[in-house]
Every structure is written in structure tokens, then in C-alpha cells.
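**Q** Please see the structure below; I have some questions.
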Amino acid sequence: MKRKNKKNRYSAEEMRKKRKLKKQRASADRINIIVLLSTIFFGTLCLVFLKRPTHSELENRKLAEFPKFSWESYFSGEYTAELSEYFNDTVPYRDDIHELGAYIKKAQGIKSDDTYVFHGDVAVVADDDGNVLETEEPVTETQKPIVTESTEKPEGTSPASPVETAPPETTESETETEPEEEQNVSEFSHNGIVQITLNDKPAGIMLFGGSEKQGIRYAETINAYKEALGDDVNVYNMIVPTSVEFYLPDKLRKYSASEKDNIEKIYSHLSEDVIHVDAYSKLQEHSNEYVYFRTDHHWTPLGAYYAYTAFSEALGNTPLPISEYETKTKEGFVGSLYGYSNLIDLKNNPDTFTYYIPPVNWTTSYYDYKTLAFKYNGVLFHEYVEGENCYGMFLGADAIHTKIVTENKNSRKIVVFKESYGNAFVPFLVSDFEEIYVIDIRFFEKNAVDYIKQIGATDVLFLNNAFAANTSKLISGIENLLYSPFGTAGGGIPAETTAAETTLSAAETSAPPQETAAPPKTAAPAQ
């Protein structure tokens, strides 16, 4: 009987514990639900009311804009697709969230020492000799790096790097048998990035797919410019190789086509009247120097200088040695390759940003790229930039038209058509020309040939990196500049322009260049 009571007593105690534990669990569940709903509610409020970014510093690109509504775009599905892209692309604090994700990825144990880490849609696009293959299944896994015995870096070499370019400023691995999608030059960095070790530091490299079809189209477009401009205007073409050409380890060559072969193919289709500028050989000769960034897809100003020496020689000039430039340096530059790939090793190993001030006097003016209305006198070197914004040192922004007037009195005027690779190149031209006009291929809503003739240009340079010269959307922009009265806009009604916007005052046209070479330099307004 006693045993039975004891058993009942223990059972009652156990029941009380169970009821207490059940209440605790119910209370915890209610708290979890409240926290979850509060988080969702708070997140929703943030998404609705917080200011949405318009530009990503990490990715160095303009973010999606809120689409304009029309019944046609709504019923075609285009409006809803663009609306979805807008909300996905402009999440408040997107760069901060991106950085947090990079640290989380790092905590998962991904290593870059003696390891190649892929990011994006990486595909086998070439054989061992760099010849482009027709098709291959993509490699899209970023959490499972390919481990190899060593990183095969050249002795003493330097890291490498577009718009939006530029970004910038895409690897096109599409086949010739399938229709090619119009791709923005600012988007090609998403196609495939590999992290390697270069000079004992992590370096990001964009993988190149190339497109013979698009390359030939690019060449034929440049030929059409020369035909339209005639014998009075010299037309130059420069295609710049990117870091993948010089620093990608041999074991990964199948993931990237040969930029050298691609450039040579394009040049072989250029007219004899178009002057070919061989930037490739100069960069290859100096590839053991710091000519490309490790964390950004652009070349360094030093790389741009070596390409400039090739152009200056093509002009028949003797380029100034780099020792005659004033050298300045900024630390802590982390560029677009980190922004695209979210590889925290790149962020933790920033680039050194070294730039060079020419020993020449000049002035700089900026104009609206749509109407050519004068905006302001400005500087060529925006020396206030820091950190991730360092590549914005030159020209300030892509979507603006720039005129530079120098102290040279040689009557040579050049128009430079470029994507973002051209930004670091343009400042070196102040030694060779009296006037320099800078047009970003993606942002100019006037007919290019009419404009060139109007200002009396003696020279025209097309400068594009190898990705851009194989990018259908950018080539379409060059074609629109040639054939359309509305430039890159390609059609529609041109913006209304007043006489005040197109006619310069006597004071503007007669303003002399400044006497000092070092910026800031104010500029005389230009045509």
C-alpha cells in the first residue's frame, strides 16, 4: 500500500513537471511567434519607408530605377518584371548586408590559400590552347572551391582588375547557334569570377568567354565610323586586355578564352584606314608590375599609362616618362570584384591606389550628355575620393560629357569614345592634344559623327576593354551613336534644347587654361 502511494506521489510530481514544461514551451512558442512577426513587421516597414539606394559603391554601378508605367509594358509583363528587379536591387543598406554576408561566408571555412574559389556562372569555355568551345555545362557553386596543389603565380607579378564600366564597365560564353541576349557592359562581371593568390595576396579575376560574332560586329562598326568621317579625321582603335589574360593559372585556362586571340581576330577585321593601337604588348611587357587591381575589374593608372605610351607612339609622339609625373597614393581601395563576389578575403586585402598628375596645364568642363548644356567648371582629378570610391578619381562619373583644354597649341582635337576603362587613360592625353572631348559610349544622346564634325576633331579614339568589345549592348550603343540622331538613346524625340544651352558666351569661349598643373583645375566651358 505504501509502495502504491509512493508511486502515485511520484506520478503526481512528474505530472506537475510535465505541465510546467508544457507551459514553458507554450510561452517560448508565443515569444518566438511574437519575435518572428515583429521582425517581419519591422523588416516590412524598413523596406517600405527607408530610403532606397540608387548606386552601389561595392559593385560600382547604378542600381535599377523604378519603372515607368504603361499599359503596353504591363500587359507584356515587362513592367512587373522591372518592378520586381527594382525592389530586389534597391534593398535599403544593401551594401552593408552584402558585407555581413561576406563575413558569414568566411566563417563557413572557405579558404583562399592554395585554393581557387569560384563565384558566379563559371563554365568551361576553352580547350587547353584557349580555343573557344561551343557548349559546356556551367559551374555555379561558390561554396565548394576547387583545391589544387599550388596557385601558379608568375614570379613578382602584380594583381589585376569596367561602367558601369563601365565597370566596369561581360563574359559572353554564348554559342553561335543560339540567339545572343543583349547584355549591359556593367553586368558582365556577374558571369564568373575566380579568386586566386597573387604575390601572396588574394586577387579576383573575371573569366572571359568572348564572342567572335560580336567581335567582328564591333570591328565593322568602327570601320563604318572611319568611312563616315573620311580622310580628314584619324580613327584609332584600342582594345585593352584584362587581368585574366596575364594572371589566370594554367590549370584554370579552360574556364576562360584567350583575349589575345579575340583581340587579334577583331583587329584582323578592321579596315586598313583604322589605326590599330597595340596596348596588349605594352601591358604584357609590364605584367610583372602593378598594372591591374586585385579587388577591382579595372586596370591601375600605371596600366593605363603603359597603354597610353602605345597610343602616343601611334600618334608619332614620344610619351613623357612616368618619372616626370607627380605621383600620389591612396590606401584602402576595395573595388567591384569584392562587390560582385562577396569574397571577404578581397575586402581584407585592399589595393593601393597610385595615380599620376601630368606636368601640363589644363582646364576641365562638364556638360549634360543629353543636351550638351554647360553644367560646371570642374576638376580632372577628384582627389577627395577615398576607399571604395577611388576609381572615381578620374572624370567623376561616366554619365556626363567632359571637355579638357590644355596649354598645347598644336590644333589637335581628339574625341575619346570609352567605357570606364577609359577614365584612367584620358588624363595622360593632356600632353598630346589641345582639346580633349570624352564621351562614354553608354551616355551620349547626340549623333557622334555630326558632333565630331561640329567641333572640328582631328582624331577619334575608341577605347574598350576586351569584355566590352564583345558585349552586344555596348556595341549597339556605338552603332546608335553612329546611325541615330539621338545617340545612345537610339530613337524617340530629342530633348528640347534652348539657345542658351548650346551657345557659349564670349567669356566662356575665351577663358584661358589655368597656369598651375596640379589640381584642382577649373575649366573653361566648351562646346
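Residue numbers start at 1 in each chain; chains themselves are named A, B, ... in the order of the C-alpha cells; ligands are numbered from 1 in the order shown.
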Mind checking DSSP for range 433-462 of chain A and telling me the helix (DSSP H, G or I) residues as a list in words?

**A**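 DSSP on the backbone gives helix (DSSP H, G or I) at Ala448, Val449, Asp450, Tyr451, Ile452, Lys453, Gln454 and Ile455 of chain A.
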
**Q** Using only C-alpha atoms, which residues sit within 8 Å of Thr352 in chain A once same-chain residues fewer than 5 positions away are excluded, as a short mmCIF file (atom, residue, chain, number, x, y, z; two decimals) with all heavy atoms, in the first residue's frame?

**A**
data_model
loop_
_atom_site.label_atom_id
_atom_site.label_comp_id
_atom_site.auth_asym_id
_atom_site.auth_seq_id
_atom_site.Cartn_x
_atom_site.Cartn_y
_atom_site.Cartn_z
N THR A 329 49.37 58.69 -53.82
CA THR A 329 48.89 57.36 -53.43
C THR A 329 47.79 57.45 -52.39
O THR A 329 47.84 58.30 -51.49
CB THR A 329 50.06 56.52 -52.87
OG1 THR A 329 51.05 56.34 -53.88
CG2 THR A 329 49.57 55.14 -52.43
N LYS A 330 46.81 56.58 -52.53
CA LYS A 330 45.76 56.40 -51.52
C LYS A 330 45.71 54.91 -51.15
O LYS A 330 45.86 54.04 -52.01
CB LYS A 330 44.40 56.85 -52.05
CG LYS A 330 44.28 58.37 -52.22
CD LYS A 330 42.91 58.74 -52.76
CE LYS A 330 42.78 60.25 -52.88
NZ LYS A 330 42.59 60.88 -51.56
N GLU A 331 45.50 54.63 -49.88
CA GLU A 331 45.40 53.26 -49.41
C GLU A 331 43.94 52.87 -49.19
O GLU A 331 43.06 53.72 -49.08
CB GLU A 331 46.20 53.07 -48.12
CG GLU A 331 47.69 53.35 -48.25
CD GLU A 331 48.42 52.34 -49.12
OE1 GLU A 331 47.85 51.25 -49.36
OE2 GLU A 331 49.55 52.64 -49.56
N GLY A 332 43.70 51.56 -49.12
CA GLY A 332 42.39 51.07 -48.72
C GLY A 332 41.36 50.96 -49.82
O GLY A 332 40.16 50.94 -49.55
N PHE A 333 41.80 50.85 -51.09
CA PHE A 333 40.85 50.73 -52.19
C PHE A 333 40.36 49.30 -52.31
O PHE A 333 41.14 48.38 -52.54
CB PHE A 333 41.50 51.18 -53.49
CG PHE A 333 40.63 50.97 -54.71
CD1 PHE A 333 39.31 51.38 -54.73
CD2 PHE A 333 41.14 50.36 -55.85
CE1 PHE A 333 38.51 51.19 -55.84
CE2 PHE A 333 40.36 50.17 -56.98
CZ PHE A 333 39.04 50.58 -56.97
#

**Q** Could you give me, as JSON lines, every range 194-227 of chain A residue with an atom at most 9 Å from range 280-300 of chain A, plus its closest atom pair and distance in Å to one decimal, counting only C-alpha atoms, rows ordered by chain then number?

**A**
{"residue": "A:Leu198", "atom": "CA", "partner": "A:Arg294", "partner_atom": "CA", "distance": 8.3}
{"residue": "A:Lys201", "atom": "CA", "partner": "A:Arg294", "partner_atom": "CA", "distance": 8.4}
{"residue": "A:Pro202", "atom": "CA", "partner": "A:Arg294", "partner_atom": "CA", "distance": 7.2}
{"residue": "A:Ala203", "atom": "CA", "partner": "A:Arg294", "partner_atom": "CA", "distance": 4.3}
{"residue": "A:Gly204", "atom": "CA", "partner": "A:Arg294", "partner_atom": "CA", "distance": 5.6}
{"residue": "A:Ile205", "atom": "CA", "partner": "A:His297", "partner_atom": "CA", "distance": 7.3}
{"residue": "A:Met206", "atom": "CA", "partner": "A:His297", "partner_atom": "CA", "distance": 7.1}

**Q** Could you go through range 240-428 of chain A and tell me which residues DSSP, when run on the backbone, assigns to strand (DSSP E or B), listing them as a VMD selection string?

**A** chain A and resid 240 275 to 277 292 299 326 to 333 351 to 357 362 to 367 374 to 378 381 394 401 to 406 413 to 418

**Q** Which residues come within 10 Å of Ser476 in chain A, counting only C-alpha atoms, excluding same-chain residues fewer than 2 positions away, as a ChimeraX atom specification?

**A** /A:182,217-218,221,441-442,471-474,478-482,488,490

**Q** Restricting the calculation to only C-alpha atoms: of A:Val244, A:Val274, A:Ile34, A:Ile196, which residue gets closest to Ala224 in chain A?

**A**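 That would be A:Val274, the residue with the smallest distance to Ala224 in chain A.
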
**Q** Counting only C-alpha atoms, which of A:Thr80, A:Ser484, A:Ser27, A:Asn237 gets nearest to Val415 in chain A?

**A**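 The closest residue to Val415 in chain A is A:Asn237.
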
**Q** Have a look at A:Tyr79, A:Phe467, A:Phe425, A:Tyr116 and name the one nearest to Leu248 in chain A; count only C-alpha atoms.

**A**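 Smallest separation from Leu248 in chain A among the options: A:Tyr116.
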
**Q** Neighbouring residues of Glu324 in chain A were defined as those with any atom within 9 Å, considering only C-alpha atoms; residues of the same chain fewer than 3 positions away were excluded. Please report them as number ranges by chain.

**A** A: 320-321, 327, 358-359

**Q** What's around Ala399 in chain A at 8 Å? Count only C-alpha atoms, leave out sequence neighbours fewer than 5 positions away in its own chain, and write the answer as a ChimeraX atom specification.

**A** /A:369,440,442-443

**Q** Can you tell me, as a PyMOL selection string, what residues are no more than 9 Å from Tyr356 in chain A when counting only C-alpha atoms, ignoring any on the same chain fewer than 6 positions away?

**A** chain A and resi 301-302+305+322+325-329+427-428

**Q** For the atom pair CA of Phe42 in chain A and CA of Lys23 in chain A, what is the interatomic distance in Å to one decimal place?

**A**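 Here the two named atoms are 27.9 Å from each other.
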